[in-house]
>>> print(open('query.pdb').read())   # PDB, C-alpha atoms and all ligand atoms
ATOM      1  CA  MET A  78       9.668-202.245 -48.444
ATOM      2  CA  ARG A  79      12.561-200.062 -49.472
ATOM      3  CA  PRO A  80      16.222-200.701 -48.868
ATOM      4  CA  VAL A  81      18.351-198.289 -46.980
ATOM      5  CA  SER A  82      18.033-194.802 -48.405
ATOM      6  CA  LEU A  83      20.096-192.236 -46.648
ATOM      7  CA  LYS A  84      19.431-189.230 -48.778
ATOM      8  CA  ARG A  85      17.533-188.130 -51.820
ATOM      9  CA  SER A  86      18.355-186.122 -54.858
ATOM     10  CA  THR A  87      16.111-184.413 -57.355
ATOM     11  CA  THR A  88      17.434-184.496 -60.860
ATOM     12  CA  ALA A  89      16.211-185.930 -64.128
ATOM     13  CA  PRO A  90      12.891-187.695 -64.477
ATOM     14  CA  ALA A  91      13.159-191.356 -63.670
ATOM     15  CA  HIS A  92      12.448-192.492 -67.202
ATOM     16  CA  ARG A  93      15.270-190.314 -68.486
ATOM     17  CA  LEU A  94      17.627-191.719 -65.892
ATOM     18  CA  VAL A  95      16.891-195.260 -66.929
ATOM     19  CA  ALA A  96      17.188-194.360 -70.591
ATOM     20  CA  SER A  97      20.558-192.744 -70.005
ATOM     21  CA  ALA A  98      21.702-195.658 -67.901
ATOM     22  CA  VAL A  99      20.963-198.244 -70.537
ATOM     23  CA  ARG A 100      24.261-198.955 -72.181
ATOM     24  CA  LYS A 101      24.788-199.988 -75.713
ATOM     25  CA  PRO A 102      24.020-203.703 -75.837
ATOM     26  CA  TYR A 103      26.818-206.166 -76.178
ATOM     27  CA  LYS A 104      27.001-207.648 -79.610
ATOM     28  CA  GLY A 105      24.445-210.382 -79.977
ATOM     29  CA  PHE A 106      22.376-209.225 -77.072
ATOM     30  CA  MET A 107      19.597-206.712 -77.042
ATOM     31  CA  ILE A 108      19.881-205.939 -73.383
ATOM     32  CA  VAL A 109      17.172-203.402 -73.109
ATOM     33  CA  ARG A 110      15.163-202.671 -76.193
ATOM     34  CA  SER A 111      13.022-199.812 -75.189
ATOM     35  CA  LEU A 112      11.495-197.833 -72.419
ATOM     36  CA  ILE A 113       7.770-197.819 -72.215
ATOM     37  CA  GLY A 114       6.099-195.257 -70.034
ATOM     38  CA  LEU A 115       3.197-196.401 -67.920
ATOM     39  CA  GLY A 116       3.180-193.126 -66.092
ATOM     40  CA  ALA A 117       6.561-193.830 -64.576
ATOM     41  CA  ALA A 118       9.979-195.290 -65.268
ATOM     42  CA  PHE A 119       9.990-198.549 -67.112
ATOM     43  CA  LEU A 120      12.992-200.707 -67.620
ATOM     44  CA  ALA A 121      12.000-203.023 -70.425
ATOM     45  CA  PRO A 122      12.554-206.701 -69.759
ATOM     46  CA  LEU A 123      15.744-208.149 -71.049
ATOM     47  CA  ALA A 124      15.705-210.074 -74.253
ATOM     48  CA  GLN A 125      14.629-213.653 -73.791
ATOM     49  CA  ALA A 126      15.374-215.012 -77.205
ATOM     50  CA  ASP A 127      17.862-217.494 -75.818
ATOM     51  CA  GLN A 128      15.698-218.541 -72.908
ATOM     52  CA  SER A 129      14.076-221.211 -75.038
ATOM     53  CA  SER A 130      13.900-223.700 -72.213
ATOM     54  CA  HIS A 131      11.795-221.351 -70.187
ATOM     55  CA  ALA A 132       8.258-220.402 -71.054
ATOM     56  CA  VAL A 133       7.797-216.656 -70.935
ATOM     57  CA  PRO A 134       4.751-215.815 -68.863
ATOM     58  CA  GLN A 135       2.206-213.472 -70.307
ATOM     59  CA  ALA A 136       2.308-209.944 -69.003
ATOM     60  CA  PRO A 137      -0.558-209.397 -66.593
ATOM     61  CA  SER A 138      -3.226-206.853 -67.268
ATOM     62  CA  VAL A 139      -2.732-203.257 -66.271
ATOM     63  CA  GLN A 140      -4.919-203.752 -63.236
ATOM     64  CA  GLU A 141      -2.572-206.445 -61.916
ATOM     65  CA  GLN A 142       0.615-204.494 -62.378
ATOM     66  CA  ALA A 143       2.692-203.406 -59.442
ATOM     67  CA  PRO A 144       3.748-199.803 -59.011
ATOM     68  CA  ALA A 145       6.786-198.792 -61.031
ATOM     69  CA  PRO A 146      10.057-199.500 -59.244
ATOM     70  CA  THR A 147      11.896-196.849 -57.304
ATOM     71  CA  ILE A 148      15.151-195.826 -58.964
ATOM     72  CA  TYR A 149      18.380-195.477 -56.996
ATOM     73  CA  ASP A 150      21.840-194.231 -57.810
ATOM     74  CA  VAL A 151      24.792-195.117 -55.639
ATOM     75  CA  GLU A 152      27.393-193.119 -53.821
ATOM     76  CA  ILE A 153      30.739-194.812 -53.215
ATOM     77  CA  VAL A 154      31.441-195.022 -49.497
ATOM     78  CA  ALA A 155      34.688-196.984 -49.769
ATOM     79  CA  ARG A 156      36.727-198.872 -52.325
ATOM     80  CA  PHE A 157      38.698-202.015 -51.533
ATOM     81  CA  PRO A 158      41.094-204.151 -53.569
ATOM     82  CA  HIS A 159      39.575-207.161 -55.297
ATOM     83  CA  ASP A 160      41.369-210.075 -56.952
ATOM     84  CA  GLU A 161      41.101-209.138 -60.587
ATOM     85  CA  SER A 162      41.537-212.766 -61.601
ATOM     86  CA  ALA A 163      38.382-213.670 -59.659
ATOM     87  CA  PHE A 164      35.482-214.488 -61.955
ATOM     88  CA  THR A 165      33.025-213.544 -59.241
ATOM     89  CA  GLN A 166      29.848-215.607 -59.126
ATOM     90  CA  GLY A 167      28.804-215.370 -55.500
ATOM     91  CA  LEU A 168      29.539-212.941 -52.693
ATOM     92  CA  LEU A 169      28.373-212.655 -49.105
ATOM     93  CA  TRP A 170      29.374-211.178 -45.768
ATOM     94  CA  HIS A 171      29.709-213.431 -42.743
ATOM     95  CA  ASP A 172      31.566-213.298 -39.454
ATOM     96  CA  GLY A 173      33.601-210.242 -40.319
ATOM     97  CA  ALA A 174      34.777-211.363 -43.743
ATOM     98  CA  LEU A 175      33.736-211.675 -47.334
ATOM     99  CA  PHE A 176      33.077-215.090 -48.813
ATOM    100  CA  GLU A 177      33.251-215.381 -52.560
ATOM    101  CA  SER A 178      32.730-218.074 -55.158
ATOM    102  CA  THR A 179      34.371-217.897 -58.561
ATOM    103  CA  GLY A 180      33.754-219.526 -61.920
ATOM    104  CA  GLN A 181      35.575-220.737 -65.024
ATOM    105  CA  PHE A 182      36.525-224.349 -65.717
ATOM    106  CA  GLY A 183      39.785-225.186 -64.011
ATOM    107  CA  ALA A 184      39.740-222.054 -61.883
ATOM    108  CA  SER A 185      36.548-222.261 -59.816
ATOM    109  CA  THR A 186      36.902-221.717 -56.093
ATOM    110  CA  VAL A 187      35.196-220.774 -52.890
ATOM    111  CA  ARG A 188      37.248-218.383 -50.816
ATOM    112  CA  LYS A 189      37.370-216.254 -47.725
ATOM    113  CA  VAL A 190      38.552-212.726 -48.389
ATOM    114  CA  ASP A 191      39.811-209.975 -46.128
ATOM    115  CA  LEU A 192      37.760-206.888 -46.882
ATOM    116  CA  ALA A 193      40.429-204.259 -46.295
ATOM    117  CA  THR A 194      43.234-205.875 -48.275
ATOM    118  CA  GLY A 195      41.374-208.104 -50.703
ATOM    119  CA  GLU A 196      43.701-210.911 -49.640
ATOM    120  CA  VAL A 197      42.323-214.419 -50.063
ATOM    121  CA  THR A 198      42.823-215.929 -46.613
ATOM    122  CA  LYS A 199      41.281-219.360 -47.355
ATOM    123  CA  ARG A 200      40.597-221.012 -50.638
ATOM    124  CA  ARG A 201      39.129-224.328 -51.811
ATOM    125  CA  ALA A 202      39.093-225.499 -55.393
ATOM    126  CA  ILE A 203      36.000-226.803 -57.132
ATOM    127  CA  PRO A 204      36.750-229.784 -59.437
ATOM    128  CA  SER A 205      38.269-228.530 -62.666
ATOM    129  CA  ASP A 206      35.491-229.947 -64.832
ATOM    130  CA  GLN A 207      32.940-227.877 -62.948
ATOM    131  CA  PHE A 208      32.093-224.193 -63.354
ATOM    132  CA  GLY A 209      31.456-222.539 -60.006
ATOM    133  CA  GLU A 210      28.458-220.310 -59.530
ATOM    134  CA  GLY A 211      26.431-218.721 -56.712
ATOM    135  CA  LEU A 212      27.138-218.918 -52.986
ATOM    136  CA  ALA A 213      24.876-218.696 -49.946
ATOM    137  CA  LEU A 214      25.178-219.158 -46.203
ATOM    138  CA  TRP A 215      22.974-221.690 -44.474
ATOM    139  CA  ASN A 216      23.608-221.658 -40.731
ATOM    140  CA  ASP A 217      27.270-222.665 -40.419
ATOM    141  CA  ASP A 218      27.531-223.998 -43.977
ATOM    142  CA  LEU A 219      28.283-222.358 -47.258
ATOM    143  CA  VAL A 220      26.358-223.757 -50.217
ATOM    144  CA  SER A 221      27.711-223.247 -53.732
ATOM    145  CA  LEU A 222      26.186-223.937 -57.120
ATOM    146  CA  THR A 223      27.725-225.058 -60.376
ATOM    147  CA  TRP A 224      26.586-223.747 -63.728
ATOM    148  CA  LYS A 225      25.576-226.759 -65.841
ATOM    149  CA  ASN A 226      27.121-229.583 -63.819
ATOM    150  CA  GLY A 227      24.061-230.143 -61.616
ATOM    151  CA  VAL A 228      26.345-230.355 -58.574
ATOM    152  CA  ILE A 229      25.759-228.402 -55.377
ATOM    153  CA  HIS A 230      28.660-228.224 -52.938
ATOM    154  CA  ARG A 231      28.546-227.652 -49.217
ATOM    155  CA  TRP A 232      31.419-226.257 -47.173
ATOM    156  CA  ARG A 233      32.028-225.530 -43.517
ATOM    157  CA  ALA A 234      32.083-221.749 -43.246
ATOM    158  CA  SER A 235      34.684-221.664 -40.491
ATOM    159  CA  ASP A 236      37.465-223.262 -42.526
ATOM    160  CA  LEU A 237      35.892-224.048 -45.915
ATOM    161  CA  ALA A 238      36.261-227.772 -45.286
ATOM    162  CA  PRO A 239      34.131-229.700 -47.792
ATOM    163  CA  ILE A 240      31.048-231.251 -46.207
ATOM    164  CA  ARG A 241      29.346-232.895 -49.131
ATOM    165  CA  SER A 242      28.598-232.573 -52.834
ATOM    166  CA  ASP A 243      25.251-233.520 -54.330
ATOM    167  CA  ALA A 244      24.715-234.241 -57.998
ATOM    168  CA  GLY A 245      21.468-234.177 -59.933
ATOM    169  CA  TYR A 246      20.284-230.623 -59.493
ATOM    170  CA  PRO A 247      18.230-230.339 -62.707
ATOM    171  CA  PHE A 248      18.620-226.629 -63.377
ATOM    172  CA  GLN A 249      21.397-224.280 -64.338
ATOM    173  CA  GLY A 250      23.027-222.722 -61.312
ATOM    174  CA  TRP A 251      23.521-218.961 -61.361
ATOM    175  CA  GLY A 252      22.866-217.017 -58.136
ATOM    176  CA  LEU A 253      22.003-218.190 -54.628
ATOM    177  CA  THR A 254      20.978-216.546 -51.364
ATOM    178  CA  ARG A 255      19.134-217.469 -48.212
ATOM    179  CA  PHE A 256      15.505-216.444 -47.892
ATOM    180  CA  GLU A 257      13.683-217.440 -44.702
ATOM    181  CA  ASP A 258      13.877-221.238 -44.486
ATOM    182  CA  THR A 259      14.887-221.730 -48.107
ATOM    183  CA  LEU A 260      17.705-221.004 -50.507
ATOM    184  CA  ALA A 261      16.641-218.787 -53.402
ATOM    185  CA  ALA A 262      18.289-219.721 -56.698
ATOM    186  CA  SER A 263      18.406-218.045 -60.096
ATOM    187  CA  ASP A 264      19.162-219.762 -63.402
ATOM    188  CA  GLY A 265      19.613-216.855 -65.790
ATOM    189  CA  SER A 266      15.932-216.675 -66.657
ATOM    190  CA  ASP A 267      13.220-214.659 -64.905
ATOM    191  CA  THR A 268      12.527-217.559 -62.518
ATOM    192  CA  LEU A 269      13.590-217.707 -58.905
ATOM    193  CA  ARG A 270      13.357-221.110 -57.228
ATOM    194  CA  PHE A 271      13.137-221.490 -53.482
ATOM    195  CA  LEU A 272      14.958-224.659 -52.496
ATOM    196  CA  ASP A 273      14.898-226.858 -49.444
ATOM    197  CA  PRO A 274      18.299-226.117 -47.863
ATOM    198  CA  GLN A 275      19.071-229.782 -47.236
ATOM    199  CA  ASP A 276      17.891-231.749 -50.284
ATOM    200  CA  TYR A 277      17.595-228.760 -52.672
ATOM    201  CA  SER A 278      14.090-229.752 -53.791
ATOM    202  CA  VAL A 279      12.044-226.892 -55.193
ATOM    203  CA  GLN A 280       9.535-225.610 -52.652
ATOM    204  CA  ARG A 281       8.090-222.891 -54.847
ATOM    205  CA  THR A 282       8.976-220.662 -57.763
ATOM    206  CA  VAL A 283       8.280-217.052 -58.613
ATOM    207  CA  SER A 284       8.491-215.261 -61.948
ATOM    208  CA  VAL A 285      10.192-211.909 -61.693
ATOM    209  CA  THR A 286       8.494-208.999 -63.430
ATOM    210  CA  ILE A 287       9.170-205.323 -63.830
ATOM    211  CA  ASN A 288       6.082-203.270 -64.539
ATOM    212  CA  GLY A 289       4.300-206.469 -65.479
ATOM    213  CA  ARG A 290       6.913-207.737 -67.938
ATOM    214  CA  PRO A 291       9.265-210.676 -67.282
ATOM    215  CA  LEU A 292      12.790-209.707 -66.294
ATOM    216  CA  ALA A 293      15.317-212.369 -67.273
ATOM    217  CA  ARG A 294      19.084-212.768 -66.820
ATOM    218  CA  LEU A 295      18.877-212.712 -63.044
ATOM    219  CA  ASN A 296      22.302-213.586 -61.711
ATOM    220  CA  GLU A 297      23.983-213.097 -58.315
ATOM    221  CA  LEU A 298      21.547-212.701 -55.415
ATOM    222  CA  GLU A 299      21.485-211.183 -51.942
ATOM    223  CA  LEU A 300      18.721-210.735 -49.394
ATOM    224  CA  VAL A 301      18.690-207.072 -48.326
ATOM    225  CA  ASP A 302      16.008-205.818 -45.952
ATOM    226  CA  GLY A 303      13.429-208.313 -47.172
ATOM    227  CA  LEU A 304      14.074-207.834 -50.882
ATOM    228  CA  ILE A 305      16.123-210.194 -53.011
ATOM    229  CA  PHE A 306      18.688-208.076 -54.795
ATOM    230  CA  ALA A 307      19.783-209.513 -58.130
ATOM    231  CA  ASN A 308      22.438-208.567 -60.617
ATOM    232  CA  VAL A 309      20.947-208.478 -64.098
ATOM    233  CA  TRP A 310      23.557-210.146 -66.271
ATOM    234  CA  LYS A 311      25.497-207.860 -68.595
ATOM    235  CA  THR A 312      23.883-204.719 -67.288
ATOM    236  CA  ASP A 313      24.941-202.143 -64.712
ATOM    237  CA  PHE A 314      21.736-202.649 -62.772
ATOM    238  CA  ILE A 315      20.786-204.425 -59.605
ATOM    239  CA  VAL A 316      17.086-204.974 -59.048
ATOM    240  CA  GLY A 317      15.322-205.470 -55.730
ATOM    241  CA  ILE A 318      12.688-208.197 -55.971
ATOM    242  CA  ASP A 319       9.731-208.870 -53.693
ATOM    243  CA  PRO A 320      10.294-212.572 -52.867
ATOM    244  CA  GLN A 321       6.570-213.262 -52.611
ATOM    245  CA  THR A 322       5.245-211.597 -55.748
ATOM    246  CA  GLY A 323       8.350-211.409 -57.939
ATOM    247  CA  HIS A 324       7.702-207.727 -58.564
ATOM    248  CA  VAL A 325      10.779-205.575 -59.003
ATOM    249  CA  LYS A 326      10.467-202.872 -56.375
ATOM    250  CA  THR A 327      13.780-201.104 -56.868
ATOM    251  CA  VAL A 328      16.251-200.557 -59.674
ATOM    252  CA  ILE A 329      19.783-199.562 -58.687
ATOM    253  CA  ASN A 330      21.941-197.856 -61.274
ATOM    254  CA  LEU A 331      25.647-198.612 -60.774
ATOM    255  CA  ARG A 332      27.052-197.020 -63.883
ATOM    256  CA  ASN A 333      29.231-194.640 -61.956
ATOM    257  CA  LEU A 334      31.432-197.431 -60.630
ATOM    258  CA  GLU A 335      34.735-197.916 -62.385
ATOM    259  CA  GLY A 336      34.207-201.598 -63.025
ATOM    260  CA  PRO A 337      31.812-201.234 -65.943
ATOM    261  CA  ALA A 338      34.406-199.046 -67.650
ATOM    262  CA  LEU A 339      36.472-202.177 -68.206
ATOM    263  CA  HIS A 340      34.193-202.817 -71.161
ATOM    264  CA  THR A 341      35.068-206.425 -71.689
ATOM    265  CA  HIS A 342      32.396-208.974 -72.306
ATOM    266  CA  ASP A 343      33.096-210.959 -69.176
ATOM    267  CA  ALA A 344      33.973-208.198 -66.723
ATOM    268  CA  VAL A 345      30.404-207.461 -65.777
ATOM    269  CA  LEU A 346      28.860-206.350 -62.549
ATOM    270  CA  ASN A 347      28.262-209.450 -60.425
ATOM    271  CA  GLY A 348      28.503-209.842 -56.687
ATOM    272  CA  ILE A 349      26.362-208.388 -53.915
ATOM    273  CA  ALA A 350      27.023-208.771 -50.201
ATOM    274  CA  TRP A 351      25.030-207.272 -47.348
ATOM    275  CA  ASP A 352      26.438-206.725 -43.872
ATOM    276  CA  ALA A 353      23.109-206.651 -42.060
ATOM    277  CA  GLU A 354      24.627-205.757 -38.695
ATOM    278  CA  ASP A 355      26.405-202.631 -39.867
ATOM    279  CA  ARG A 356      24.090-202.086 -42.852
ATOM    280  CA  ARG A 357      26.836-202.039 -45.432
ATOM    281  CA  LEU A 358      26.208-202.972 -49.058
ATOM    282  CA  PHE A 359      29.150-204.314 -51.062
ATOM    283  CA  VAL A 360      29.254-204.821 -54.809
ATOM    284  CA  THR A 361      31.857-205.966 -57.285
ATOM    285  CA  GLY A 362      32.144-207.599 -60.683
ATOM    286  CA  LYS A 363      33.809-210.434 -62.512
ATOM    287  CA  LEU A 364      37.510-209.657 -62.948
ATOM    288  CA  TRP A 365      37.101-206.258 -61.317
ATOM    289  CA  PRO A 366      40.123-204.838 -59.483
ATOM    290  CA  TRP A 367      37.859-203.175 -56.935
ATOM    291  CA  LEU A 368      35.053-203.977 -54.580
ATOM    292  CA  TYR A 369      32.872-201.122 -53.421
ATOM    293  CA  GLU A 370      30.817-200.253 -50.416
ATOM    294  CA  VAL A 371      27.967-198.179 -51.763
ATOM    295  CA  LYS A 372      25.121-196.141 -50.376
ATOM    296  CA  LEU A 373      21.804-195.980 -52.183
ATOM    297  CA  ILE A 374      20.393-192.595 -53.111
ATOM    298  CA  GLU A 375      16.832-192.471 -54.270
ATOM    299  CA  ARG A 376      16.268-190.693 -57.538
ATOM    300  CA  ILE A 377      13.265-188.412 -57.339
ATOM    301  CA  SER A 378      11.597-187.429 -60.563
ATOM    302  CA  SER A 379      11.409-183.697 -61.110
ATOM    303  CA  GLN A 380       8.132-184.150 -62.961
TER     304      GLN A 380
HETATM  305 CA    CA A 401      25.343-212.527 -52.718
END
>>> encode(input="query.pdb", output="structure tokens", more="lines below")
Ligand SMILES: [Ca+2]
Amino acid sequence: MRPVSLKRSTTAPAHRLVASAVRKPYKGFMIVRSLIGLGAAFLAPLAQADQSSHAVPQAPSVQEQAPAPTIYDVEIVARFPHDESAFTQGLLWHDGALFESTGQFGASTVRKVDLATGEVTKRRAIPSDQFGEGLALWNDDLVSLTWKNGVIHRWRASDLAPIRSDAGYPFQGWGLTRFEDTLAASDGSDTLRFLDPQDYSVQRTVSVTINGRPLARLNELELVDGLIFANVWKTDFIVGIDPQTGHVKTVINLRNLEGPALHTHDAVLNGIAWDAEDRRLFVTGKLWPWLYEVKLIERISSQ
């Protein structure tokens, strides 16, 4: 299943696009080491050297591999102000507004944001010893993760009133989004966990692969037309993941946004919201001054 694609362009071969889109790695990180052609574009899996707590699954045989992902560029439809002090960790669209969670110790919040002005219209603080992470909507509740605190918070969406906080979640919290009757959670590895939305027990897991190789550093999440979109930490890519198989079906190149030009270690692309009713896709980043509505444009190989 492909996300919204309103027009196509024929330019460089897909493998060249991905190669050109791979930015110089941040110091200490080999973000993308190489491109390996299997007859199509291949975005090599991100380095997993620091994912020691997570066993890296073996790449399946060629026969088991999914088709190479479809590559998209984006066209900016609109640009809106964004609180450039917001260390964005979660973003979603609900009831005519953006809801956002932010991180950093002592500064973590959940907030309601006016799209047009970027004004924070409601805000709740997360305890200062906790580092806020991903945010998802479950019916009338917002559910927010913390990074290493093992605490999951629950808020009333209408006014952000705290409902409850549960300790003991045994994994790192990164991204969160609703998928069917579960909440899908990332932890910075290639694993997505599908959680019971009430007690947060793990119902199932899936390992995310791109052309048969594990893809780690999955961060903020959003369900878009049946695919789980995920920011890939410290890259300018969003990937679209099949929630059943874990196969990356789409790779979205966002290098033409102004946010990545900030070139600071923390100010990375993070934050995806999908307005399903009006089919609008919003993206932003940590500490970015702008939030964008973007349209996906499929990149067609000229080969
Ligand atoms: Ca999201």
>>> residues_near_ligand(input="query.pdb", ligand="ligand CA 401 (chain A)", cutoff="12 Å", atoms="all atoms listed in the file", output="VMD selection string")
chain A and resid 165 to 171 175 to 178 210 to 214 219 to 221 251 to 256 260 to 263 296 to 301 305 to 308 315 347 to 352 358 to 362
>>> closest_residue(input="query.pdb", among="A:Leu334, A:Leu304, A:Leu237, A:Leu368", to="Ile318 in chain A", atoms="all atoms listed in the file")
A:Leu304
>>> atom_distance(input="query.pdb", atom1="CA of Phe182 in chain A", atom2="CA of Asp313 in chain A")
25.1 Å
>>> resolve_selection(input="query.pdb", expression="the PyMOL selection byres (((chain A and resi 199) around 6) and not hetatm)", output="count of residues only")
5
>>> atom_distance(input="query.pdb", atom1="CA of Val228 in chain A", atom2="CA of Asp276 in chain A")
11.9 Å
>>> resolve_selection(input="query.pdb", expression="the PyMOL selection byres (((chain A and resi 248) around 12) and not hetatm)", output="count of residues only")
30
>>> closest_residue(input="query.pdb", among="A:Thr186, A:Thr341, A:Thr179, A:Ser378", to="Pro239 in chain A", atoms="all atoms listed in the file")
A:Thr186
>>> atom_distance(input="query.pdb", atom1="CA of Trp232 in chain A", atom2="CA of Asn216 in chain A")
11.1 Å
>>> resolve_selection(input="query.pdb", expression="the PyMOL selection byres (((chain A and resi 366) around 6) and not hetatm)", output="list in words")
His159, Asp160, Glu161, Trp365 and Trp367 of chain A
>>> closest_residue(input="query.pdb", among="A:Val328, A:Ala353, A:Ala344, A:Leu364", to="Pro146 in chain A", atoms="only C-alpha atoms")
A:Val328
>>> closest_residue(input="query.pdb", among="A:Asp302, A:His230, A:Asp236, A:Phe271", to="Asp258 in chain A", atoms="all atoms listed in the file")
A:Phe271
